[in-house]
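Enquirer: Take a look at run-v9.cif, mmCIF, C-alpha atoms and all ligand atoms:
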data_final
loop_
_atom_site.label_atom_id
_atom_site.label_comp_id
_atom_site.auth_asym_id
_atom_site.auth_seq_id
_atom_site.Cartn_x
_atom_site.Cartn_y
_atom_site.Cartn_z
CA MET A 1 -8.92 19.55 4.25
CA PRO A 2 -7.93 16.39 2.32
CA ASP A 3 -10.58 14.27 0.59
CA LEU A 4 -8.43 11.15 0.47
CA ILE A 5 -5.55 9.83 2.53
CA LEU A 6 -3.31 7.01 1.36
CA LEU A 7 -1.46 5.41 4.25
CA ARG A 8 1.28 2.85 3.71
CA HIS A 9 1.35 0.49 6.71
CA GLY A 10 3.91 1.10 9.43
CA GLN A 11 7.21 -0.78 9.42
CA SER A 12 6.64 -4.55 9.42
CA ASP A 13 8.89 -7.22 10.93
CA TRP A 14 10.10 -8.09 7.44
CA ASN A 15 10.65 -4.42 6.45
CA LYS A 16 12.91 -4.35 9.50
CA GLN A 17 14.67 -7.56 8.44
CA ASN A 18 14.94 -6.28 4.82
CA ARG A 19 13.07 -9.28 3.39
CA PHE A 20 10.87 -9.39 0.27
CA THR A 21 7.37 -9.57 1.70
CA GLY A 22 4.60 -9.32 -0.92
CA TRP A 23 1.56 -11.39 0.12
CA THR A 24 3.32 -12.88 3.19
CA ASP A 25 1.13 -11.92 6.13
CA VAL A 26 3.71 -10.48 8.53
CA ASP A 27 2.76 -8.17 11.38
CA LEU A 28 3.96 -4.70 12.35
CA SER A 29 7.19 -4.23 14.29
CA ASP A 30 7.08 -2.13 17.48
CA ALA A 31 8.37 0.80 15.39
CA GLY A 32 5.57 0.17 12.88
CA ARG A 33 2.96 0.35 15.65
CA SER A 34 4.42 3.67 16.77
CA GLU A 35 4.30 4.95 13.18
CA ALA A 36 0.61 3.98 12.98
CA GLU A 37 -0.09 5.84 16.25
CA GLU A 38 1.71 8.88 14.86
CA ALA A 39 -0.32 8.64 11.62
CA GLY A 40 -3.55 8.76 13.66
CA ARG A 41 -2.24 11.71 15.64
CA LEU A 42 -1.30 13.59 12.48
CA MET A 43 -4.72 13.00 10.90
CA ALA A 44 -6.41 14.30 14.06
CA ALA A 45 -4.06 17.32 14.15
CA HIS A 46 -5.06 18.12 10.56
CA GLY A 47 -8.76 17.57 11.28
CA PHE A 48 -9.01 14.59 8.93
CA TYR A 49 -11.66 12.16 10.20
CA PRO A 50 -12.37 9.43 7.63
CA GLU A 51 -15.98 8.43 6.95
CA ILE A 52 -15.10 5.17 5.20
CA CYS A 53 -11.87 3.18 5.13
CA PHE A 54 -10.41 0.59 2.79
CA THR A 55 -7.63 -1.88 3.46
CA SER A 56 -6.12 -5.12 2.20
CA TYR A 57 -6.34 -8.70 3.51
CA LEU A 58 -2.90 -8.35 5.13
CA LYS A 59 -2.54 -7.72 8.87
CA ARG A 60 0.20 -5.08 8.62
CA ALA A 61 -2.22 -2.79 6.73
CA ILE A 62 -5.26 -3.82 8.80
CA ARG A 63 -3.46 -3.25 12.10
CA THR A 64 -2.08 0.11 10.92
CA LEU A 65 -5.66 1.13 10.15
CA TRP A 66 -6.96 -0.12 13.51
CA ILE A 67 -4.27 1.77 15.43
CA ALA A 68 -4.79 4.97 13.43
CA LEU A 69 -8.58 4.77 13.83
CA ASP A 70 -8.19 4.13 17.55
CA GLY A 71 -6.07 7.29 17.78
CA LEU A 72 -8.82 9.20 15.97
CA ASP A 73 -11.51 7.64 18.21
CA ARG A 74 -13.16 6.42 15.01
CA MET A 75 -13.06 2.64 15.42
CA TRP A 76 -16.75 2.59 14.45
CA VAL A 77 -16.15 3.91 10.94
CA PRO A 78 -17.00 1.33 8.22
CA VAL A 79 -13.99 -0.59 6.87
CA GLN A 80 -13.97 -2.57 3.64
CA LYS A 81 -11.19 -5.12 3.18
CA HIS A 82 -10.22 -6.41 -0.23
CA TRP A 83 -7.42 -8.59 -1.59
CA ARG A 84 -7.11 -6.18 -4.55
CA LEU A 85 -5.41 -3.71 -2.19
CA ASN A 86 -2.77 -6.30 -1.18
CA GLU A 87 0.92 -5.66 -1.70
CA ARG A 88 2.37 -6.63 -5.09
CA HIS A 89 3.00 -10.41 -5.03
CA TYR A 90 6.77 -10.92 -4.93
CA GLY A 91 6.76 -14.49 -6.29
CA ASP A 92 9.67 -16.72 -5.44
CA LEU A 93 11.54 -13.81 -3.81
CA GLN A 94 9.11 -13.73 -0.86
CA GLY A 95 11.03 -14.36 2.35
CA LEU A 96 14.49 -13.73 0.88
CA ASN A 97 16.76 -10.96 2.17
CA LYS A 98 17.09 -8.07 -0.31
CA ALA A 99 20.77 -7.35 0.48
CA GLU A 100 21.72 -11.05 0.30
CA MET A 101 19.98 -11.30 -3.08
CA ALA A 102 21.83 -8.19 -4.31
CA ALA A 103 25.14 -9.80 -3.26
CA LYS A 104 24.13 -12.97 -5.13
CA VAL A 105 22.59 -11.70 -8.37
CA GLY A 106 23.70 -8.02 -8.41
CA GLU A 107 22.12 -4.72 -7.38
CA GLU A 108 20.86 -4.11 -10.89
CA GLN A 109 18.83 -7.33 -11.09
CA VAL A 110 17.31 -6.68 -7.66
CA HIS A 111 16.41 -3.13 -8.74
CA VAL A 112 14.71 -4.52 -11.87
CA TRP A 113 12.67 -6.91 -9.73
CA ARG A 114 11.81 -4.21 -7.20
CA ARG A 115 11.08 -1.19 -9.35
CA SER A 116 10.64 -2.03 -13.05
CA PHE A 117 7.12 -1.35 -14.29
CA ASP A 118 6.28 -4.56 -16.10
CA ILE A 119 8.87 -7.18 -15.15
CA ALA A 120 7.69 -9.71 -12.56
CA PRO A 121 10.02 -11.70 -10.29
CA PRO A 122 10.24 -15.50 -10.84
CA ALA A 123 6.83 -17.09 -10.14
CA LEU A 124 5.95 -19.43 -7.29
CA LYS A 125 4.79 -22.89 -8.33
CA PRO A 126 1.15 -23.59 -7.41
CA ASP A 127 2.22 -26.35 -4.97
CA ASP A 128 4.62 -24.00 -3.13
CA PRO A 129 3.34 -23.46 0.46
CA ARG A 130 3.79 -19.70 -0.11
CA HIS A 131 1.36 -19.75 -3.09
CA PRO A 132 -2.04 -18.09 -2.40
CA ASP A 133 -3.76 -21.29 -3.66
CA GLY A 134 -3.39 -22.88 -0.22
CA ASP A 135 -4.37 -19.79 1.82
CA PRO A 136 -7.97 -19.61 3.12
CA LYS A 137 -7.93 -15.81 2.70
CA TYR A 138 -8.00 -16.32 -1.05
CA ALA A 139 -10.34 -19.32 -1.30
CA ALA A 140 -13.06 -17.23 -2.98
CA LEU A 141 -10.74 -16.03 -5.75
CA SER A 142 -10.66 -17.63 -9.19
CA GLU A 143 -7.48 -19.44 -10.22
CA GLN A 144 -6.59 -16.53 -12.55
CA GLU A 145 -6.94 -14.06 -9.69
CA ARG A 146 -4.47 -15.93 -7.41
CA PRO A 147 -1.02 -14.76 -8.53
CA GLY A 148 2.25 -16.68 -8.31
CA THR A 149 4.06 -13.39 -8.97
CA GLU A 150 3.19 -9.85 -10.09
CA SER A 151 4.83 -6.87 -11.76
CA LEU A 152 3.75 -3.36 -10.75
CA LYS A 153 1.66 -3.33 -13.94
CA ASP A 154 -0.14 -6.54 -12.86
CA THR A 155 -0.74 -4.96 -9.45
CA ILE A 156 -2.23 -1.83 -10.99
CA ASP A 157 -4.43 -3.97 -13.23
CA ARG A 158 -6.07 -5.56 -10.18
CA VAL A 159 -6.11 -2.46 -7.92
CA LEU A 160 -7.81 -0.09 -10.37
CA PRO A 161 -11.05 -2.07 -10.86
CA TYR A 162 -11.52 -1.91 -7.08
CA TRP A 163 -10.77 1.82 -7.04
CA HIS A 164 -13.41 2.45 -9.70
CA GLN A 165 -16.00 0.07 -8.28
CA ALA A 166 -15.66 0.66 -4.51
CA VAL A 167 -13.58 3.74 -3.67
CA ALA A 168 -14.42 6.31 -6.37
CA PRO A 169 -18.21 6.26 -5.66
CA GLU A 170 -17.56 7.09 -1.99
CA LEU A 171 -15.37 10.05 -2.93
CA LYS A 172 -17.94 11.21 -5.49
CA ALA A 173 -20.58 11.06 -2.75
CA GLY A 174 -18.42 13.53 -0.78
CA ARG A 175 -17.15 11.11 1.86
CA LYS A 176 -13.67 11.41 3.37
CA VAL A 177 -11.74 8.24 2.49
CA LEU A 178 -8.74 6.59 4.14
CA ILE A 179 -6.94 3.73 2.37
CA SER A 180 -4.44 1.75 4.44
CA ALA A 181 -2.40 -0.41 2.09
CA HIS A 182 1.10 -1.16 0.81
CA GLY A 183 4.14 0.36 -0.89
CA ASN A 184 3.37 -1.01 -4.33
CA SER A 185 -0.44 -1.13 -4.33
CA LEU A 186 -0.31 2.55 -3.30
CA ARG A 187 2.40 3.37 -5.88
CA GLY A 188 -0.01 1.97 -8.45
CA LEU A 189 -2.81 4.24 -7.22
CA VAL A 190 -0.50 7.26 -7.09
CA LYS A 191 0.65 6.50 -10.65
CA TYR A 192 -2.96 6.48 -11.80
CA LEU A 193 -4.09 9.57 -9.82
CA ASP A 194 -1.06 11.70 -10.72
CA GLY A 195 -0.70 10.46 -14.30
CA ILE A 196 2.91 9.34 -13.69
CA SER A 197 4.52 7.68 -16.72
CA ASP A 198 5.75 4.07 -16.82
CA ALA A 199 9.29 5.47 -17.14
CA ASP A 200 8.99 7.72 -14.06
CA ILE A 201 7.19 5.41 -11.64
CA PRO A 202 10.40 3.54 -10.57
CA GLY A 203 11.52 6.82 -8.91
CA VAL A 204 8.41 7.10 -6.71
CA GLU A 205 8.75 5.82 -3.13
CA ILE A 206 6.07 6.04 -0.44
CA PRO A 207 7.36 6.04 3.16
CA THR A 208 5.83 3.76 5.81
CA GLY A 209 3.25 5.17 8.21
CA THR A 210 3.14 8.69 6.71
CA PRO A 211 -0.34 9.89 5.62
CA LEU A 212 -0.33 11.06 1.98
CA ALA A 213 -3.20 13.52 1.51
CA TYR A 214 -5.05 14.42 -1.70
CA ARG A 215 -7.57 17.07 -2.51
CA LEU A 216 -9.63 16.02 -5.51
CA ASP A 217 -11.98 17.81 -7.92
CA ALA A 218 -15.42 16.51 -8.94
CA ALA A 219 -13.83 14.24 -11.56
CA LEU A 220 -11.43 12.94 -8.85
CA SER A 221 -8.42 14.59 -10.45
CA PRO A 222 -5.93 15.79 -7.81
CA THR A 223 -5.86 19.53 -7.12
CA ASP A 224 -3.38 19.23 -4.24
CA LYS A 225 -1.17 16.56 -2.71
CA PHE A 226 0.96 16.63 0.45
CA TYR A 227 2.26 14.45 3.25
CA LEU A 228 0.87 15.17 6.71
CA SER A 229 3.99 15.82 8.68
CA GLU A 230 5.32 17.89 11.50
CA ARG A 231 8.80 17.77 10.10
CA SER A 232 8.20 20.77 7.80
CA PRO A 233 7.62 24.24 9.30
CA SER A 234 4.01 24.46 8.10
CA GLY A 235 3.25 20.90 9.24
CA ILE A 236 2.72 20.00 5.60
CA ALA A 237 5.42 18.39 3.48
CA ALA A 238 5.38 18.68 -0.30
CA ALA A 239 4.83 15.32 -1.99
CA LYS A 240 6.57 14.47 -5.23
O1 LIG B 301 8.89 -6.45 0.21
C1 LIG B 301 7.85 -5.89 -0.19
O2 LIG B 301 6.75 -6.46 -0.26
C2 LIG B 301 7.93 -4.44 -0.65
C3 LIG B 301 7.41 -3.47 0.36
O3 LIG B 301 8.05 -3.57 1.59
O4 LIG B 301 9.27 -4.14 -0.92
P1 LIG B 301 9.82 -3.24 -2.09
O5 LIG B 301 10.07 -1.90 -1.52
O6 LIG B 301 11.09 -3.95 -2.48
O7 LIG B 301 8.84 -3.25 -3.23
#
Show me, as structure tokens, the structure contained in the file I just sent.

Expert:
Amino acid sequence: MPDLILLRHGQSDWNKQNRFTGWTDVDLSDAGRSEAEEAGRLMAAHGFYPEICFTSYLKRAIRTLWIALDGLDRMWVPVQKHWRLNERHYGDLQGLNKAEMAAKVGEEQVHVWRRSFDIAPPALKPDDPRHPDGDPKYAALSEQERPGTESLKDTIDRVLPYWHQAVAPELKAGRKVLISAHGNSLRGLVKYLDGISDADIPGVEIPTGTPLAYRLDAALSPTDKFYLSERSPSGIAAAK
């Protein structure tokens, strides 16, 4: 039985349109809603019933969690939302089409922006309507906390304090935890939990809507890791 499940939200409208998303608050596509339903079904099939859940301030992760919890008949379970679990901020790329950008600036540059560890895309100016400064969700954040862009490293630097302060104590208390979040905020957590190097993290991809299960020891070091899936014969897919 897993102690922790990391769930990347189901496909969003902008995943479908192949657009850089980041902190843009786009909703799930119909396929994304189906993925979230399937995630709930898989958790139930594996007997995983979360006792506390964490998610971001972005509706694609929140709705994925709602749909999965509904499928588990656990809508009453406490949910903590925090901006620190948001997707990596994609700066001035937010809204642009990834393939069109690759045609314009080259595949290699787009890969650097998408997967390098510590290189951030060009920043948004504070007066840009896409900047978090003008968004009521982030009104309580300090100016330093509201990013105009982020690298994966920046994302990890703001996710980990929340992990240590809010999530780790629940796991240490023996509670089953579900985190519904995003490709890059979860890659940051996986990097930390699995001790993946800066050089190797660009090769790690987390699929949408597929529960990634961990068993953890008392120090919260992973003892097992697998995707809940019915695609493999045992119902459990090895996770890299
Ligand atoms: O656009 C984004 O916010 C992310 C996740 O969908 O994309 P990428 O895989 O390029 O990091």

Enquirer: Taking a cut-off of 10 Å and counting only C-alpha atoms and all ligand atoms, can you build a table that, for each residue of chain A near ligand LIG 301 (chain B), reports the nearest atom pair and how far apart they are in Å (one decimal), sorted by chain then residue number, as a tab-separated table?

Expert:
residue	atom	partner	partner_atom	distance
A:Arg8	CA	B:LIG301	C3	9.4
A:His9	CA	B:LIG301	O3	9.4
A:Gln11	CA	B:LIG301	O3	8.4
A:Ser12	CA	B:LIG301	O3	8.0
A:Trp14	CA	B:LIG301	O1	7.5
A:Asn15	CA	B:LIG301	O3	5.6
A:Lys16	CA	B:LIG301	O3	9.3
A:Asn18	CA	B:LIG301	O1	7.6
A:Arg19	CA	B:LIG301	O1	6.0
A:Phe20	CA	B:LIG301	O1	3.5
A:Thr21	CA	B:LIG301	O2	3.7
A:Gly22	CA	B:LIG301	O2	3.6
A:Trp23	CA	B:LIG301	O2	7.2
A:Thr24	CA	B:LIG301	O2	8.1
A:Asn86	CA	B:LIG301	O2	9.6
A:Glu87	CA	B:LIG301	O2	6.1
A:Arg88	CA	B:LIG301	O2	6.5
A:His89	CA	B:LIG301	O2	7.2
A:Tyr90	CA	B:LIG301	O2	6.5
A:Leu93	CA	B:LIG301	O1	8.8
A:Gln94	CA	B:LIG301	O1	7.4
A:Gly95	CA	B:LIG301	O1	8.5
A:Leu96	CA	B:LIG301	O1	9.2
A:Asn97	CA	B:LIG301	O1	9.3
A:Lys98	CA	B:LIG301	O6	7.6
A:Val110	CA	B:LIG301	O6	8.5
A:His111	CA	B:LIG301	O6	8.3
A:Trp113	CA	B:LIG301	O6	8.0
A:Arg114	CA	B:LIG301	O6	4.8
A:Arg115	CA	B:LIG301	O7	6.8
A:Leu152	CA	B:LIG301	O7	9.1
A:His182	CA	B:LIG301	C3	6.7
A:Gly183	CA	B:LIG301	C3	5.2
A:Asn184	CA	B:LIG301	O7	6.0
A:Ser185	CA	B:LIG301	C3	9.4
A:Arg187	CA	B:LIG301	O7	9.6
A:Glu205	CA	B:LIG301	O5	8.0
A:Ile206	CA	B:LIG301	O5	9.0
A:Pro207	CA	B:LIG301	O5	9.6
A:Thr208	CA	B:LIG301	O3	8.7

Enquirer: Would you mind listing, for every residue of range 19-48 of chain A within 6 Å of range 67-78 of chain A, the two atoms forming the shortest contact and the distance between them in Å to one decimal, using all atoms listed in the file, sorted by chain and ascending residue number, as a tab-separated table?

Expert:
residue	atom	partner	partner_atom	distance
A:Ala36	CA	A:Ala68	CA	5.5
A:Glu37	CA	A:Ala68	CA	5.5
A:Gly40	CA	A:Ala68	CA	4.0
A:Ala44	CA	A:Leu72	CA	6.0

Enquirer: As an exercise, work out the distance from CA of Asp118 in chain A to CA of Pro161 in chain A in Å and give it to one decimal place.

Expert: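 Those two atoms sit 18.3 Å apart.
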
Enquirer: Tell me which of A:Val79, A:Thr55, A:Gly188, A:Met101 sits closest to Leu160 in chain A, counting all atoms listed in the file.

Expert: A:Gly188

Enquirer: Given the point (-11.6, 0.9, 4.1) in the coordinates of this file, which residues lie within 7 Å, counting only C-alpha atoms, and how would they look as a PDB file with C-alpha atoms, in the coordinates of the input?

Expert:
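selection.pdb was written with the following content:
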ATOM      1  CA  ILE A  52     -15.100   5.170   5.200  1.00  0.00           C
ATOM      2  CA  CYS A  53     -11.870   3.180   5.130  1.00  0.00           C
ATOM      3  CA  PHE A  54     -10.410   0.590   2.790  1.00  0.00           C
ATOM      4  CA  THR A  55      -7.630  -1.880   3.460  1.00  0.00           C
ATOM      5  CA  PRO A  78     -17.000   1.330   8.220  1.00  0.00           C
ATOM      6  CA  VAL A  79     -13.990  -0.590   6.870  1.00  0.00           C
ATOM      7  CA  GLN A  80     -13.970  -2.570   3.640  1.00  0.00           C
ATOM      8  CA  LYS A  81     -11.190  -5.120   3.180  1.00  0.00           C
ATOM      9  CA  LEU A 178      -8.740   6.590   4.140  1.00  0.00           C
ATOM     10  CA  ILE A 179      -6.940   3.730   2.370  1.00  0.00           C
TER      11      ILE A 179
END

Enquirer: Using all atoms listed in the file, which of A:Lys104, A:Arg84, A:Lys176, A:Arg130 sits nearest Glu145 in chain A?

Expert: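 For Glu145 in chain A, the nearest of the candidates is A:Arg84.
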
Enquirer: Any idea what the distance is between CA of Met1 in chain A and CA of Ala219 in chain A?

Expert: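 So the two atoms, CA of Met1 in chain A and CA of Ala219 in chain A, lie 17.4 Å apart.
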
Enquirer: Please measure the separation of CA of Gly134 in chain A and CA of Tyr57 in chain A, giving the value in Å to one decimal.

Expert: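 These two atoms are separated by 15.0 Å.
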
Enquirer: Please write as a PDB file with C-alpha atoms, in the coordinates of the input the list of polymer residues whose atoms come within 12 Å of (0.1, -16.5, -8.6), counting all atoms listed in the file and keeping to the coordinates of the file.

Expert:
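Saved the output as point-v6.pdb:
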ATOM      1  CA  GLY A  22       4.600  -9.320  -0.920  1.00  0.00           C
ATOM      2  CA  TRP A  23       1.560 -11.390   0.120  1.00  0.00           C
ATOM      3  CA  ARG A  88       2.370  -6.630  -5.090  1.00  0.00           C
ATOM      4  CA  HIS A  89       3.000 -10.410  -5.030  1.00  0.00           C
ATOM      5  CA  TYR A  90       6.770 -10.920  -4.930  1.00  0.00           C
ATOM      6  CA  GLY A  91       6.760 -14.490  -6.290  1.00  0.00           C
ATOM      7  CA  ASP A  92       9.670 -16.720  -5.440  1.00  0.00           C
ATOM      8  CA  ALA A 120       7.690  -9.710 -12.560  1.00  0.00           C
ATOM      9  CA  PRO A 121      10.020 -11.700 -10.290  1.00  0.00           C
ATOM     10  CA  PRO A 122      10.240 -15.500 -10.840  1.00  0.00           C
ATOM     11  CA  ALA A 123       6.830 -17.090 -10.140  1.00  0.00           C
ATOM     12  CA  LEU A 124       5.950 -19.430  -7.290  1.00  0.00           C
ATOM     13  CA  LYS A 125       4.790 -22.890  -8.330  1.00  0.00           C
ATOM     14  CA  PRO A 126       1.150 -23.590  -7.410  1.00  0.00           C
ATOM     15  CA  ASP A 127       2.220 -26.350  -4.970  1.00  0.00           C
ATOM     16  CA  ASP A 128       4.620 -24.000  -3.130  1.00  0.00           C
ATOM     17  CA  PRO A 129       3.340 -23.460   0.460  1.00  0.00           C
ATOM     18  CA  ARG A 130       3.790 -19.700  -0.110  1.00  0.00           C
ATOM     19  CA  HIS A 131       1.360 -19.750  -3.090  1.00  0.00           C
ATOM     20  CA  PRO A 132      -2.040 -18.090  -2.400  1.00  0.00           C
ATOM     21  CA  ASP A 133      -3.760 -21.290  -3.660  1.00  0.00           C
ATOM     22  CA  GLY A 134      -3.390 -22.880  -0.220  1.00  0.00           C
ATOM     23  CA  ASP A 135      -4.370 -19.790   1.820  1.00  0.00           C
ATOM     24  CA  TYR A 138      -8.000 -16.320  -1.050  1.00  0.00           C
ATOM     25  CA  LEU A 141     -10.740 -16.030  -5.750  1.00  0.00           C
ATOM     26  CA  SER A 142     -10.660 -17.630  -9.190  1.00  0.00           C
ATOM     27  CA  GLU A 143      -7.480 -19.440 -10.220  1.00  0.00           C
ATOM     28  CA  GLN A 144      -6.590 -16.530 -12.550  1.00  0.00           C
ATOM     29  CA  GLU A 145      -6.940 -14.060  -9.690  1.00  0.00           C
ATOM     30  CA  ARG A 146      -4.470 -15.930  -7.410  1.00  0.00           C
ATOM     31  CA  PRO A 147      -1.020 -14.760  -8.530  1.00  0.00           C
ATOM     32  CA  GLY A 148       2.250 -16.680  -8.310  1.00  0.00           C
ATOM     33  CA  THR A 149       4.060 -13.390  -8.970  1.00  0.00           C
ATOM     34  CA  GLU A 150       3.190  -9.850 -10.090  1.00  0.00           C
ATOM     35  CA  SER A 151       4.830  -6.870 -11.760  1.00  0.00           C
ATOM     36  CA  ASP A 154      -0.140  -6.540 -12.860  1.00  0.00           C
ATOM     37  CA  THR A 155      -0.740  -4.960  -9.450  1.00  0.00           C
TER      38      THR A 155
END

Enquirer: Let me make sure I understand: among A:Gly174, A:Pro202, A:Gly10, A:Pro222, which one has the smallest atom-to-atom distance to Arg63 in chain A if we use only C-alpha atoms?

Expert: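 Between A:Gly174, A:Pro202, A:Gly10, A:Pro222, the residue approaching Arg63 in chain A most closely is A:Gly10.
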
Enquirer: Find, counting only C-alpha atoms, the residue in A:Met43, A:Ile119, A:Ala139, A:Leu85 that gets nearest to Pro2 in chain A.

Expert: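 Result for the nearest residue to Pro2 in chain A: A:Met43.
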
Enquirer: Just save range 137-156 of chain A with N, CA and C atoms, as a PDB file, in the first residue's frame.

Expert:
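Written output follows (decode.pdb):
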ATOM      1  N   LYS A 137      -5.235  35.811  -6.616  1.00  0.00           N
ATOM      2  CA  LYS A 137      -4.777  34.566  -5.962  1.00  0.00           C
ATOM      3  C   LYS A 137      -3.486  34.788  -5.188  1.00  0.00           C
ATOM      4  N   TYR A 138      -2.672  35.738  -5.688  1.00  0.00           N
ATOM      5  CA  TYR A 138      -1.321  35.874  -5.145  1.00  0.00           C
ATOM      6  C   TYR A 138      -1.151  37.164  -4.353  1.00  0.00           C
ATOM      7  N   ALA A 139      -2.274  37.792  -3.972  1.00  0.00           N
ATOM      8  CA  ALA A 139      -2.216  39.089  -3.292  1.00  0.00           C
ATOM      9  C   ALA A 139      -1.484  38.994  -1.953  1.00  0.00           C
ATOM     10  N   ALA A 140      -1.531  37.824  -1.301  1.00  0.00           N
ATOM     11  CA  ALA A 140      -0.900  37.699   0.018  1.00  0.00           C
ATOM     12  C   ALA A 140       0.600  37.410  -0.066  1.00  0.00           C
ATOM     13  N   LEU A 141       1.103  37.213  -1.282  1.00  0.00           N
ATOM     14  CA  LEU A 141       2.529  36.887  -1.421  1.00  0.00           C
ATOM     15  C   LEU A 141       3.372  38.159  -1.386  1.00  0.00           C
ATOM     16  N   SER A 142       4.618  38.026  -0.919  1.00  0.00           N
ATOM     17  CA  SER A 142       5.529  39.173  -0.979  1.00  0.00           C
ATOM     18  C   SER A 142       5.958  39.364  -2.438  1.00  0.00           C
ATOM     19  N   GLU A 143       6.521  40.538  -2.724  1.00  0.00           N
ATOM     20  CA  GLU A 143       6.959  40.822  -4.091  1.00  0.00           C
ATOM     21  C   GLU A 143       7.987  39.786  -4.557  1.00  0.00           C
ATOM     22  N   GLN A 144       8.882  39.376  -3.638  1.00  0.00           N
ATOM     23  CA  GLN A 144       9.932  38.405  -3.988  1.00  0.00           C
ATOM     24  C   GLN A 144       9.334  37.038  -4.314  1.00  0.00           C
ATOM     25  N   GLU A 145       8.185  36.736  -3.695  1.00  0.00           N
ATOM     26  CA  GLU A 145       7.577  35.421  -3.914  1.00  0.00           C
ATOM     27  C   GLU A 145       6.798  35.349  -5.232  1.00  0.00           C
ATOM     28  N   ARG A 146       6.474  36.510  -5.835  1.00  0.00           N
ATOM     29  CA  ARG A 146       5.678  36.500  -7.077  1.00  0.00           C
ATOM     30  C   ARG A 146       6.625  36.501  -8.276  1.00  0.00           C
ATOM     31  N   PRO A 147       6.801  35.329  -8.917  1.00  0.00           N
ATOM     32  CA  PRO A 147       7.811  35.248  -9.974  1.00  0.00           C
ATOM     33  C   PRO A 147       7.345  35.824 -11.309  1.00  0.00           C
ATOM     34  N   GLY A 148       8.326  36.342 -12.082  1.00  0.00           N
ATOM     35  CA  GLY A 148       8.059  36.721 -13.471  1.00  0.00           C
ATOM     36  C   GLY A 148       8.534  35.625 -14.402  1.00  0.00           C
ATOM     37  N   THR A 149       9.289  34.680 -13.873  1.00  0.00           N
ATOM     38  CA  THR A 149       9.738  33.478 -14.569  1.00  0.00           C
ATOM     39  C   THR A 149      10.387  32.578 -13.530  1.00  0.00           C
ATOM     40  N   GLU A 150      10.561  31.293 -13.851  1.00  0.00           N
ATOM     41  CA  GLU A 150      11.241  30.373 -12.939  1.00  0.00           C
ATOM     42  C   GLU A 150      11.965  29.282 -13.723  1.00  0.00           C
ATOM     43  N   SER A 151      13.130  28.895 -13.251  1.00  0.00           N
ATOM     44  CA  SER A 151      13.779  27.664 -13.703  1.00  0.00           C
ATOM     45  C   SER A 151      13.227  26.511 -12.853  1.00  0.00           C
ATOM     46  N   LEU A 152      13.594  25.280 -13.214  1.00  0.00           N
ATOM     47  CA  LEU A 152      13.199  24.157 -12.357  1.00  0.00           C
ATOM     48  C   LEU A 152      13.813  24.334 -10.964  1.00  0.00           C
ATOM     49  N   LYS A 153      15.045  24.819 -10.925  1.00  0.00           N
ATOM     50  CA  LYS A 153      15.720  25.030  -9.628  1.00  0.00           C
ATOM     51  C   LYS A 153      14.919  26.020  -8.764  1.00  0.00           C
ATOM     52  N   ASP A 154      14.478  27.126  -9.368  1.00  0.00           N
ATOM     53  CA  ASP A 154      13.661  28.101  -8.618  1.00  0.00           C
ATOM     54  C   ASP A 154      12.391  27.434  -8.098  1.00  0.00           C
ATOM     55  N   THR A 155      11.799  26.579  -8.942  1.00  0.00           N
ATOM     56  CA  THR A 155      10.551  25.895  -8.560  1.00  0.00           C
ATOM     57  C   THR A 155      10.804  24.991  -7.352  1.00  0.00           C
ATOM     58  N   ILE A 156      11.888  24.225  -7.417  1.00  0.00           N
ATOM     59  CA  ILE A 156      12.226  23.335  -6.303  1.00  0.00           C
ATOM     60  C   ILE A 156      12.461  24.154  -5.030  1.00  0.00           C
TER      61      ILE A 156
END
